[in-house]
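Enquirer: What follows is a single structure, and I will ask about it in a moment.
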Number of protein chains: 2
Amino acid sequence: MSYRRARHSLLPAAVAADEAAVLIRDGMTVGMSGYAMAGYPKAVVDALLARTRNGEALSINLVTGANVPWLDDTLGAAQIIARRSPMCASRTLASRINEGAVRLVEQQMNRMPALLRTGRLGRIDVAVVEALGFDRNGDLIPTSSVGMTYHLMNAAESIIVEVNSAQPETLMGLHDVHTPLAPPDTQPIPLVRTNQRIGRTSIPLDRAKVRCVVETHIPERLGAGPGGTEETSRIADNLFNFLELEYSEAGGVLPPLQLGFGGIANAVAQAFQRSGFRNLEFFCGGVTEDVLELLASGKASALSTGGLGMSERVEQILKLLPSPADHLVIRNGDITNNAEVIGRLGVVALNTGIEMDIYGNVNSSHIAGSRVVNGIGGGANFAQNAGLAVIMIPSTARSGSISNIVPMVSHQDIGEHDIDVVVTENGAADLRGLDDGERADAIIHRCASPLYREQLERYLGNAREQCGGHHPQLPQEAFGWYRRLKETGTMLEKSNEER
Amino acid sequence: MSYRRARHSLLPAAVAADEAAVLIRDGMTVGMSGYAMAGYPKAVVDALLARTRNGEALSINLVTGANVPWLDDTLGAAQIIARRSPMCASRTLASRINEGAVRLVEQQMNRMPALLRTGRLGRIDVAVVEALGFDRNGDLIPTSSVGMTYHLMNAAESIIVEVNSAQPETLMGLHDVHTPLAPPDTQPIPLVRTNQRIGRTSIPLDRAKVRCVVETHIPERLGAGPGGTEETSRIADNLFNFLELEYSEAGGVLPPLQLGFGGIANAVAQAFQRSGFRNLEFFCGGVTEDVLELLASGKASALSTGGLGMSERVEQILKLLPSPADHLVIRNGDITNNAEVIGRLGVVALNTGIEMDIYGNVNSSHIAGSRVVNGIGGGANFAQNAGLAVIMIPSTARSGSISNIVPMVSHQDIGEHDIDVVVTENGAADLRGLDDGERADAIIHRCASPLYREQLERYLGNAREQCGGHHPQLPQEAFGWYRRLKETGTMLEKSNEER
């Protein structure tokens, strides 16, 4: 077990956050810890916000490991972010990106280690990282995420460490940091079980780079996740019907599951709580309180994540779990999104999306093909390597005026050949072993909204007539659906509405 | 070294090919060996062709490991194939697929082991596999490919082995068969070097399933690959300029390369022959004679492939190489397209495509979004996991009437976030670390044809004006390019043509 202390004799004495924040200047590239909504710096960020409130012009290139909504919300609203990678996790910031005022360098999570190692996201001038403290060797004990912190510190000229005493002591020993060497020296990753530990509980720290240590006490408090609806419950039910059948021969034992964020993911986690499934394992980029509840109730036995955002309930569960380190592992992003590990474990990837097309191609990032929401993130990493790749999506949006199952996606993040099963509130379509035409028929009949079924069939019929057999598409007609939405407020054709 | 014999005491006595072929009946699902154009059954296929020439109605679901042009050409022309997976490697067969007369179940190579293991491509009634013979244990020594033969035989009810004495003895000992267990028993694949051997030189054979052994002597003779043009030479030159700069710090030592089939791939292999690069390594799904020549000349030191199609020259090189098994490994498809191995080796993936868009999304399978050529194949497996993912593409087709760089691809096989570098005959664009707008500018300015540059800029300008900043797209306008091609014979706008 690591030995935590807030200071280390070989490190500079603690300074106030605003003093440390002076290191960050206009135009710099700044790396910040934070992954899956968790473990980001707070005091130094507050100091930056204060500076702009005082009229200072400050504009940075912000790099994190993955999604950190609080950073994007606050620094985005203060217009401190000029360039951002690898994701955007804030509506405010997304608006500015879509206006062209901020540049988003969308990257998949699995690509980040190599990009940071080779300096492809620019030289990191300063890395600001949150810590529980330091271990005996002076290495860094992270807080509620590990994510890409190792690579961000490695790529940085200077490091600011923010020791946050409000992060719970119970996080100690939960971390597992294993950083594969770059090719040609890469060795197999020895991970073969979800909760196996293969690394260290601290992150190696180049103390010569640490320019400032800041001591603070700011609790990390995630806002409540989106609540469930009747629709999300029905999606969860349809998923469970499929899973029960699929794994009945295996006695209902599921492979490790990947589940993300959002209303559908929460509904699925809650449904697992009520289900007969036992010994659940989760191998995720990030997890929510609802997934942690499955560990608390004993439904789940193993949970691997890149980050675990704090709430009062999460802190309580961490205290209550008898031997948390046996079941819960917080890993670095090199491992959480690693193709090798996802493939080896045969993860069941439960992704969501904005829209999908009749063949199974998924758009998870851009509304109407142009307006980014979050970015591609880590979903494709999981779908491409999963033992079973599932997409869960409501069949319509905006009270039926939008069909989330469209003839042709306006943007593609996950290709049809990486999708095995589609689940909507109307049913599930198992696409394995089907050709494109059979896929289209299955998706339309089992998953599309009854409102749009005939319209989709008509489209497919026309496409088959005009283009032939395998993967017929009529792009002009397909994208007419978006034009119709814009012009008439609905994707529904006039003839359908009248029925 | 394996001990080859044509017969084994525990196997049935040899029969004539037409006698064995009787096992294959109308409506069956038939698995055949063959991968990367190599190692497919010949005599039994000839017997099937003879039966249809005699008027028998015969229609099968054909499953192989990957591309086998001869099977698709001959069985396709005889209309014996009703359903095909995972690829189509014949114009004749592609036409029938696009007419809707044949169903193509497009699959990526890396998905095949799990699909076959779980019976998702249908029960395999008969597997027909080519062999050099049997080893001491009665296991199967494959010929010029290993591919998916293990899984096809495992999934099959009955097996026909075609022992082909025309396949060269020098193939003995070149095979390396390592088949990972399915999850949850999967272990790390121990491969860390291109030419490392981690498995056996034969394929485990369930002798109880072998219904027939056929002895034959039919040489495997690949047709000549497509020749080079000035355009392919310039693409190769631009690739080399990039590689020389990129790897100058590493002393010109390149990571293992993946290279496929076609005119550009051949031009690149020939350019490597003339280049200053040394100790080249190739980690590929399949290789051509031109790549093998690099081993013969000493430019390459290691070559890993799923298949090695035979020609007189290939046979000659195999004879001339002093210790071929030290440098050349023929692997099974579980390994050749494995994300774990591709990622660990940091492979430089050199893929080609039909068209790409201004953001870097690649269409490698469907002309104008509807007409399939070969299928997705293994390219995405490599691009997604590569250390460096390169797309090489001529900027135009049909004497400039088609721009291969379009506003929006009509079909997407590889997403922009899996592409690092684009190379055309006009130049190279390094996309790493760029946002979508910067990617578009780089691709248009460095790679697009001068004929289409202004037209693409105009499109992008309009899209930015109408949709904003991040990833603006105007699908209706974008797909107008295909309509214009159809109506006027060129994608060029009138105003451009007049200049």
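Convention: chains lettered A, B, ... in structure tokens order; per-chain residue numbering from 1; ligands numbered from 1 as shown.
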Taking only stretch 99-231 of chain B into account, list the residues labelled strand (DSSP E) by DSSP (computed from the backbone), as a VMD selection string.
Expert: chain B and resid 103 to 104 124 to 131 133 to 134 140 to 141 156 to 164 175 to 176 210 to 216
Enquirer: Would you please extract all helix (DSSP H, G or I) residues from stretch 262-350 of chain B, as assigned by DSSP on the backbone, and give them as a compact mmCIF listing (two decimals) with N, CA, C and O atoms, in the first residue's frame?
Expert:
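And here is the file that came out, result_37.txt:
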```txt
# COMPACT_ATOMS: atom_id res chain seq x y z
N GLY B 263 -1.75 -1.87 -57.84
CA GLY B 263 -0.72 -1.14 -58.55
C GLY B 263 0.13 -0.25 -57.65
O GLY B 263 1.35 -0.18 -57.80
N ILE B 264 -0.51 0.44 -56.71
CA ILE B 264 0.24 1.33 -55.82
C ILE B 264 1.15 0.52 -54.90
O ILE B 264 2.33 0.84 -54.72
N ALA B 265 0.60 -0.55 -54.34
CA ALA B 265 1.39 -1.40 -53.44
C ALA B 265 2.60 -1.96 -54.18
O ALA B 265 3.72 -1.96 -53.64
N ASN B 266 2.40 -2.39 -55.42
CA ASN B 266 3.53 -2.91 -56.20
C ASN B 266 4.57 -1.83 -56.47
O ASN B 266 5.77 -2.07 -56.37
N ALA B 267 4.09 -0.62 -56.78
CA ALA B 267 5.03 0.48 -57.03
C ALA B 267 5.85 0.79 -55.78
O ALA B 267 7.05 1.08 -55.85
N VAL B 268 5.20 0.71 -54.63
CA VAL B 268 5.90 0.99 -53.37
C VAL B 268 6.94 -0.10 -53.11
O VAL B 268 8.09 0.19 -52.74
N ALA B 269 6.55 -1.36 -53.31
CA ALA B 269 7.51 -2.45 -53.09
C ALA B 269 8.71 -2.29 -54.01
O ALA B 269 9.86 -2.46 -53.59
N GLN B 270 8.46 -1.93 -55.28
CA GLN B 270 9.57 -1.75 -56.22
C GLN B 270 10.44 -0.55 -55.83
O GLN B 270 11.66 -0.59 -55.97
N ALA B 271 9.81 0.48 -55.30
CA ALA B 271 10.59 1.65 -54.88
C ALA B 271 11.45 1.32 -53.66
O ALA B 271 12.56 1.84 -53.52
N PHE B 272 10.96 0.45 -52.79
CA PHE B 272 11.79 0.02 -51.66
C PHE B 272 13.05 -0.69 -52.17
O PHE B 272 14.12 -0.57 -51.60
N GLN B 273 12.89 -1.42 -53.26
CA GLN B 273 14.03 -2.12 -53.85
C GLN B 273 15.13 -1.12 -54.23
O GLN B 273 16.31 -1.38 -54.03
N ARG B 274 14.74 0.03 -54.75
CA ARG B 274 15.71 1.04 -55.20
C ARG B 274 16.16 1.95 -54.06
O ARG B 274 17.09 2.74 -54.23
N GLU B 289 4.70 -11.00 -54.99
CA GLU B 289 6.04 -11.34 -55.47
C GLU B 289 7.01 -10.18 -55.25
O GLU B 289 8.16 -10.38 -54.88
N ASP B 290 6.53 -8.95 -55.48
CA ASP B 290 7.41 -7.78 -55.35
C ASP B 290 7.93 -7.61 -53.93
O ASP B 290 9.05 -7.14 -53.72
N VAL B 291 7.13 -7.96 -52.95
CA VAL B 291 7.59 -7.86 -51.56
C VAL B 291 8.58 -8.98 -51.27
O VAL B 291 9.61 -8.77 -50.62
N LEU B 292 8.28 -10.17 -51.80
CA LEU B 292 9.20 -11.29 -51.60
C LEU B 292 10.56 -11.00 -52.24
O LEU B 292 11.61 -11.41 -51.72
N GLU B 293 10.55 -10.25 -53.33
CA GLU B 293 11.81 -9.86 -53.98
C GLU B 293 12.72 -9.08 -53.02
O GLU B 293 13.93 -9.13 -53.13
N LEU B 294 12.10 -8.33 -52.11
CA LEU B 294 12.89 -7.56 -51.15
C LEU B 294 13.63 -8.47 -50.18
O LEU B 294 14.71 -8.14 -49.68
N LEU B 295 13.05 -9.62 -49.92
CA LEU B 295 13.72 -10.61 -49.08
C LEU B 295 14.86 -11.24 -49.89
O LEU B 295 15.97 -11.44 -49.38
N ALA B 296 14.58 -11.50 -51.16
CA ALA B 296 15.59 -12.11 -52.04
C ALA B 296 16.80 -11.21 -52.19
O ALA B 296 17.95 -11.68 -52.19
N GLU B 312 6.19 -18.80 -60.70
CA GLU B 312 7.49 -19.45 -60.91
C GLU B 312 8.58 -18.71 -60.15
O GLU B 312 9.45 -19.30 -59.53
N ARG B 313 8.51 -17.38 -60.17
CA ARG B 313 9.52 -16.58 -59.50
C ARG B 313 9.47 -16.78 -57.98
O ARG B 313 10.49 -16.88 -57.32
N VAL B 314 8.25 -16.85 -57.42
CA VAL B 314 8.14 -17.07 -55.98
C VAL B 314 8.76 -18.41 -55.60
O VAL B 314 9.53 -18.52 -54.64
N GLU B 315 8.47 -19.43 -56.39
CA GLU B 315 9.06 -20.74 -56.11
C GLU B 315 10.58 -20.69 -56.19
O GLU B 315 11.29 -21.28 -55.37
N GLN B 316 11.08 -19.95 -57.18
CA GLN B 316 12.53 -19.80 -57.35
C GLN B 316 13.15 -19.12 -56.13
O GLN B 316 14.17 -19.56 -55.61
N ILE B 317 12.51 -18.03 -55.67
CA ILE B 317 13.05 -17.31 -54.51
C ILE B 317 13.06 -18.23 -53.28
O ILE B 317 14.03 -18.26 -52.52
N LEU B 318 11.99 -18.99 -53.10
CA LEU B 318 11.94 -19.89 -51.94
C LEU B 318 13.09 -20.89 -51.97
O LEU B 318 13.64 -21.26 -50.94
N LYS B 319 13.46 -21.31 -53.19
CA LYS B 319 14.59 -22.25 -53.31
C LYS B 319 15.92 -21.57 -53.03
O LYS B 319 16.83 -22.16 -52.45
N LEU B 320 16.02 -20.31 -53.46
CA LEU B 320 17.30 -19.60 -53.36
C LEU B 320 17.61 -19.11 -51.95
O LEU B 320 18.76 -19.02 -51.56
N PRO B 324 15.09 -19.86 -45.28
CA PRO B 324 13.85 -19.10 -45.40
C PRO B 324 13.05 -19.02 -44.10
O PRO B 324 12.44 -17.99 -43.80
N ALA B 325 13.06 -20.09 -43.31
CA ALA B 325 12.23 -20.10 -42.10
C ALA B 325 12.69 -19.06 -41.07
O ALA B 325 11.96 -18.69 -40.17
N ASP B 326 13.95 -18.58 -41.21
CA ASP B 326 14.41 -17.54 -40.29
C ASP B 326 13.81 -16.18 -40.63
O ASP B 326 13.80 -15.28 -39.79
N HIS B 327 13.38 -16.02 -41.87
CA HIS B 327 12.96 -14.69 -42.31
C HIS B 327 11.49 -14.61 -42.71
O HIS B 327 10.89 -13.55 -42.66
N GLY B 333 -4.72 -16.45 -39.75
CA GLY B 333 -5.40 -15.16 -39.76
C GLY B 333 -5.73 -14.62 -38.38
O GLY B 333 -5.95 -13.41 -38.22
N ASP B 334 -5.76 -15.47 -37.37
CA ASP B 334 -5.94 -14.98 -35.99
C ASP B 334 -4.84 -14.00 -35.63
O ASP B 334 -5.05 -13.11 -34.80
N ILE B 335 -3.66 -14.21 -36.20
CA ILE B 335 -2.49 -13.41 -35.83
C ILE B 335 -2.25 -12.29 -36.84
O ILE B 335 -1.94 -11.16 -36.46
N THR B 336 -2.41 -12.58 -38.14
CA THR B 336 -2.03 -11.59 -39.16
C THR B 336 -2.81 -10.28 -39.01
O THR B 336 -2.26 -9.22 -39.27
N ALA B 339 -5.37 -7.09 -33.63
CA ALA B 339 -5.15 -5.74 -33.11
C ALA B 339 -4.00 -5.72 -32.10
O ALA B 339 -3.17 -4.80 -32.11
N GLU B 340 -3.96 -6.72 -31.26
CA GLU B 340 -2.93 -6.80 -30.23
C GLU B 340 -1.53 -6.78 -30.85
O GLU B 340 -0.66 -6.03 -30.43
N VAL B 341 -1.35 -7.60 -31.89
CA VAL B 341 -0.02 -7.74 -32.49
C VAL B 341 0.33 -6.52 -33.34
O VAL B 341 1.44 -5.99 -33.29
N ILE B 342 -0.65 -6.05 -34.13
CA ILE B 342 -0.41 -4.88 -34.99
C ILE B 342 -0.02 -3.68 -34.12
O ILE B 342 0.92 -2.96 -34.42
N GLY B 343 -0.74 -3.51 -33.02
CA GLY B 343 -0.44 -2.40 -32.11
C GLY B 343 0.91 -2.56 -31.45
O GLY B 343 1.69 -1.61 -31.34
N ARG B 344 1.21 -3.75 -31.00
CA ARG B 344 2.47 -3.97 -30.28
C ARG B 344 3.66 -3.72 -31.17
O ARG B 344 4.65 -3.13 -30.76
N LEU B 345 3.59 -4.18 -32.43
CA LEU B 345 4.71 -4.01 -33.35
C LEU B 345 4.79 -2.57 -33.87
O LEU B 345 5.80 -2.18 -34.44
```
Enquirer: At a cut-off of 7 Å, list the chain B residues touching chain A, using only C-alpha atoms, as a PyMOL selection string.
Expert: chain B and resi 97-100+103-108+120-121+183-184+186-190+192+339-340+344-346+369-370+413+415+417+432-435+467-473+475-476+479
Enquirer: Can you pull out every residue within 6 Å of stretch 166-178 of chain B, counting only C-alpha atoms, but drop anything in the same chain fewer than 5 positions away, and send it as a PyMOL selection string?
Expert: chain B and resi 1+199-201+217-219+325+329-332
Enquirer: Under the rule that only C-alpha atoms are counted, which of A:Val63, A:Glu487, A:Gly138, A:Ser323 is the nearest residue to A:Ile124?
Expert: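 Ranked by minimum distance to A:Ile124, first place goes to A:Val63.
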Enquirer: Looking at B:Leu222, B:Ile81, B:Val30, B:Leu280, which one is nearest to B:Gly298, with distances taken over only C-alpha atoms?
Expert: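 The closest residue to B:Gly298 is B:Leu280.
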Enquirer: So how far away is atom CA of A:Val22 from atom CA of A:Ala57, in Å?
Expert: 13.1 Å
Enquirer: Would you kindly return, as an mmCIF file with all heavy atoms, in the first residue's frame, each protein, DNA or RNA residue with an atom no farther than 6 Å from any atom of B:Ile60, considering only C-alpha atoms and excluding same-chain residues fewer than 6 positions away?
Expert:
```
data_model
loop_
_atom_site.group_PDB
_atom_site.id
_atom_site.type_symbol
_atom_site.label_atom_id
_atom_site.label_comp_id
_atom_site.auth_asym_id
_atom_site.auth_seq_id
_atom_site.Cartn_x
_atom_site.Cartn_y
_atom_site.Cartn_z
ATOM 1 N N GLY B 27 -27.052 -26.132 -51.901
ATOM 2 C CA GLY B 27 -27.583 -25.511 -50.694
ATOM 3 C C GLY B 27 -26.656 -25.570 -49.491
ATOM 4 O O GLY B 27 -26.969 -25.011 -48.441
ATOM 5 N N MET B 28 -25.528 -26.230 -49.650
ATOM 6 C CA MET B 28 -24.619 -26.376 -48.505
ATOM 7 C C MET B 28 -23.785 -25.125 -48.247
ATOM 8 O O MET B 28 -23.592 -24.290 -49.121
ATOM 9 C CB MET B 28 -23.672 -27.551 -48.750
ATOM 10 C CG MET B 28 -24.283 -28.908 -48.456
ATOM 11 S SD MET B 28 -22.994 -30.171 -48.563
ATOM 12 C CE MET B 28 -23.842 -31.545 -47.748
ATOM 13 N N THR B 29 -23.287 -25.032 -47.006
ATOM 14 C CA THR B 29 -22.272 -24.043 -46.672
ATOM 15 C C THR B 29 -20.920 -24.738 -46.720
ATOM 16 O O THR B 29 -20.716 -25.740 -46.043
ATOM 17 C CB THR B 29 -22.531 -23.465 -45.275
ATOM 18 O OG1 THR B 29 -23.769 -22.756 -45.308
ATOM 19 C CG2 THR B 29 -21.425 -22.517 -44.851
ATOM 20 N N ILE B 81 -21.853 -19.855 -56.602
ATOM 21 C CA ILE B 81 -21.861 -19.136 -55.325
ATOM 22 C C ILE B 81 -23.176 -18.370 -55.151
ATOM 23 O O ILE B 81 -23.503 -17.499 -55.949
ATOM 24 C CB ILE B 81 -20.676 -18.156 -55.234
ATOM 25 C CG1 ILE B 81 -19.344 -18.918 -55.390
ATOM 26 C CG2 ILE B 81 -20.707 -17.402 -53.907
ATOM 27 C CD1 ILE B 81 -18.119 -18.019 -55.447
ATOM 28 N N ALA B 82 -23.924 -18.704 -54.107
ATOM 29 C CA ALA B 82 -25.167 -17.986 -53.803
ATOM 30 C C ALA B 82 -24.949 -16.983 -52.683
ATOM 31 O O ALA B 82 -25.666 -15.978 -52.581
ATOM 32 C CB ALA B 82 -26.245 -18.969 -53.384
#
```
Enquirer: Using Å and a single decimal, report how far atom CA of A:Asn279 sits from atom CA of A:Tyr247.
Expert: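 Spanning atom CA of A:Tyr247 to atom CA of A:Asn279 is a straight-line distance of 13.5 Å.
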Enquirer: So that I can check the surroundings of B:Leu308, please list as a list of chain:residue names every protein, DNA and RNA residue that reaches within 6 Å of it, counting only C-alpha atoms and ignoring chain neighbours fewer than 4 positions away.
Expert: B:Ala38, B:Ser144, B:Val287
Enquirer: Save the residues we just selected, C-alpha atoms, as a short mmCIF file (atom, residue, chain, number, x, y, z; two decimals), in the first residue's frame?
Expert:
```cif
data_model
loop_
_atom_site.label_atom_id
_atom_site.label_comp_id
_atom_site.auth_asym_id
_atom_site.auth_seq_id
_atom_site.Cartn_x
_atom_site.Cartn_y
_atom_site.Cartn_z
CA ALA B 38 -3.00 -18.46 -51.94
CA SER B 144 0.86 -21.39 -49.45
CA VAL B 287 2.22 -10.37 -49.80
#
```
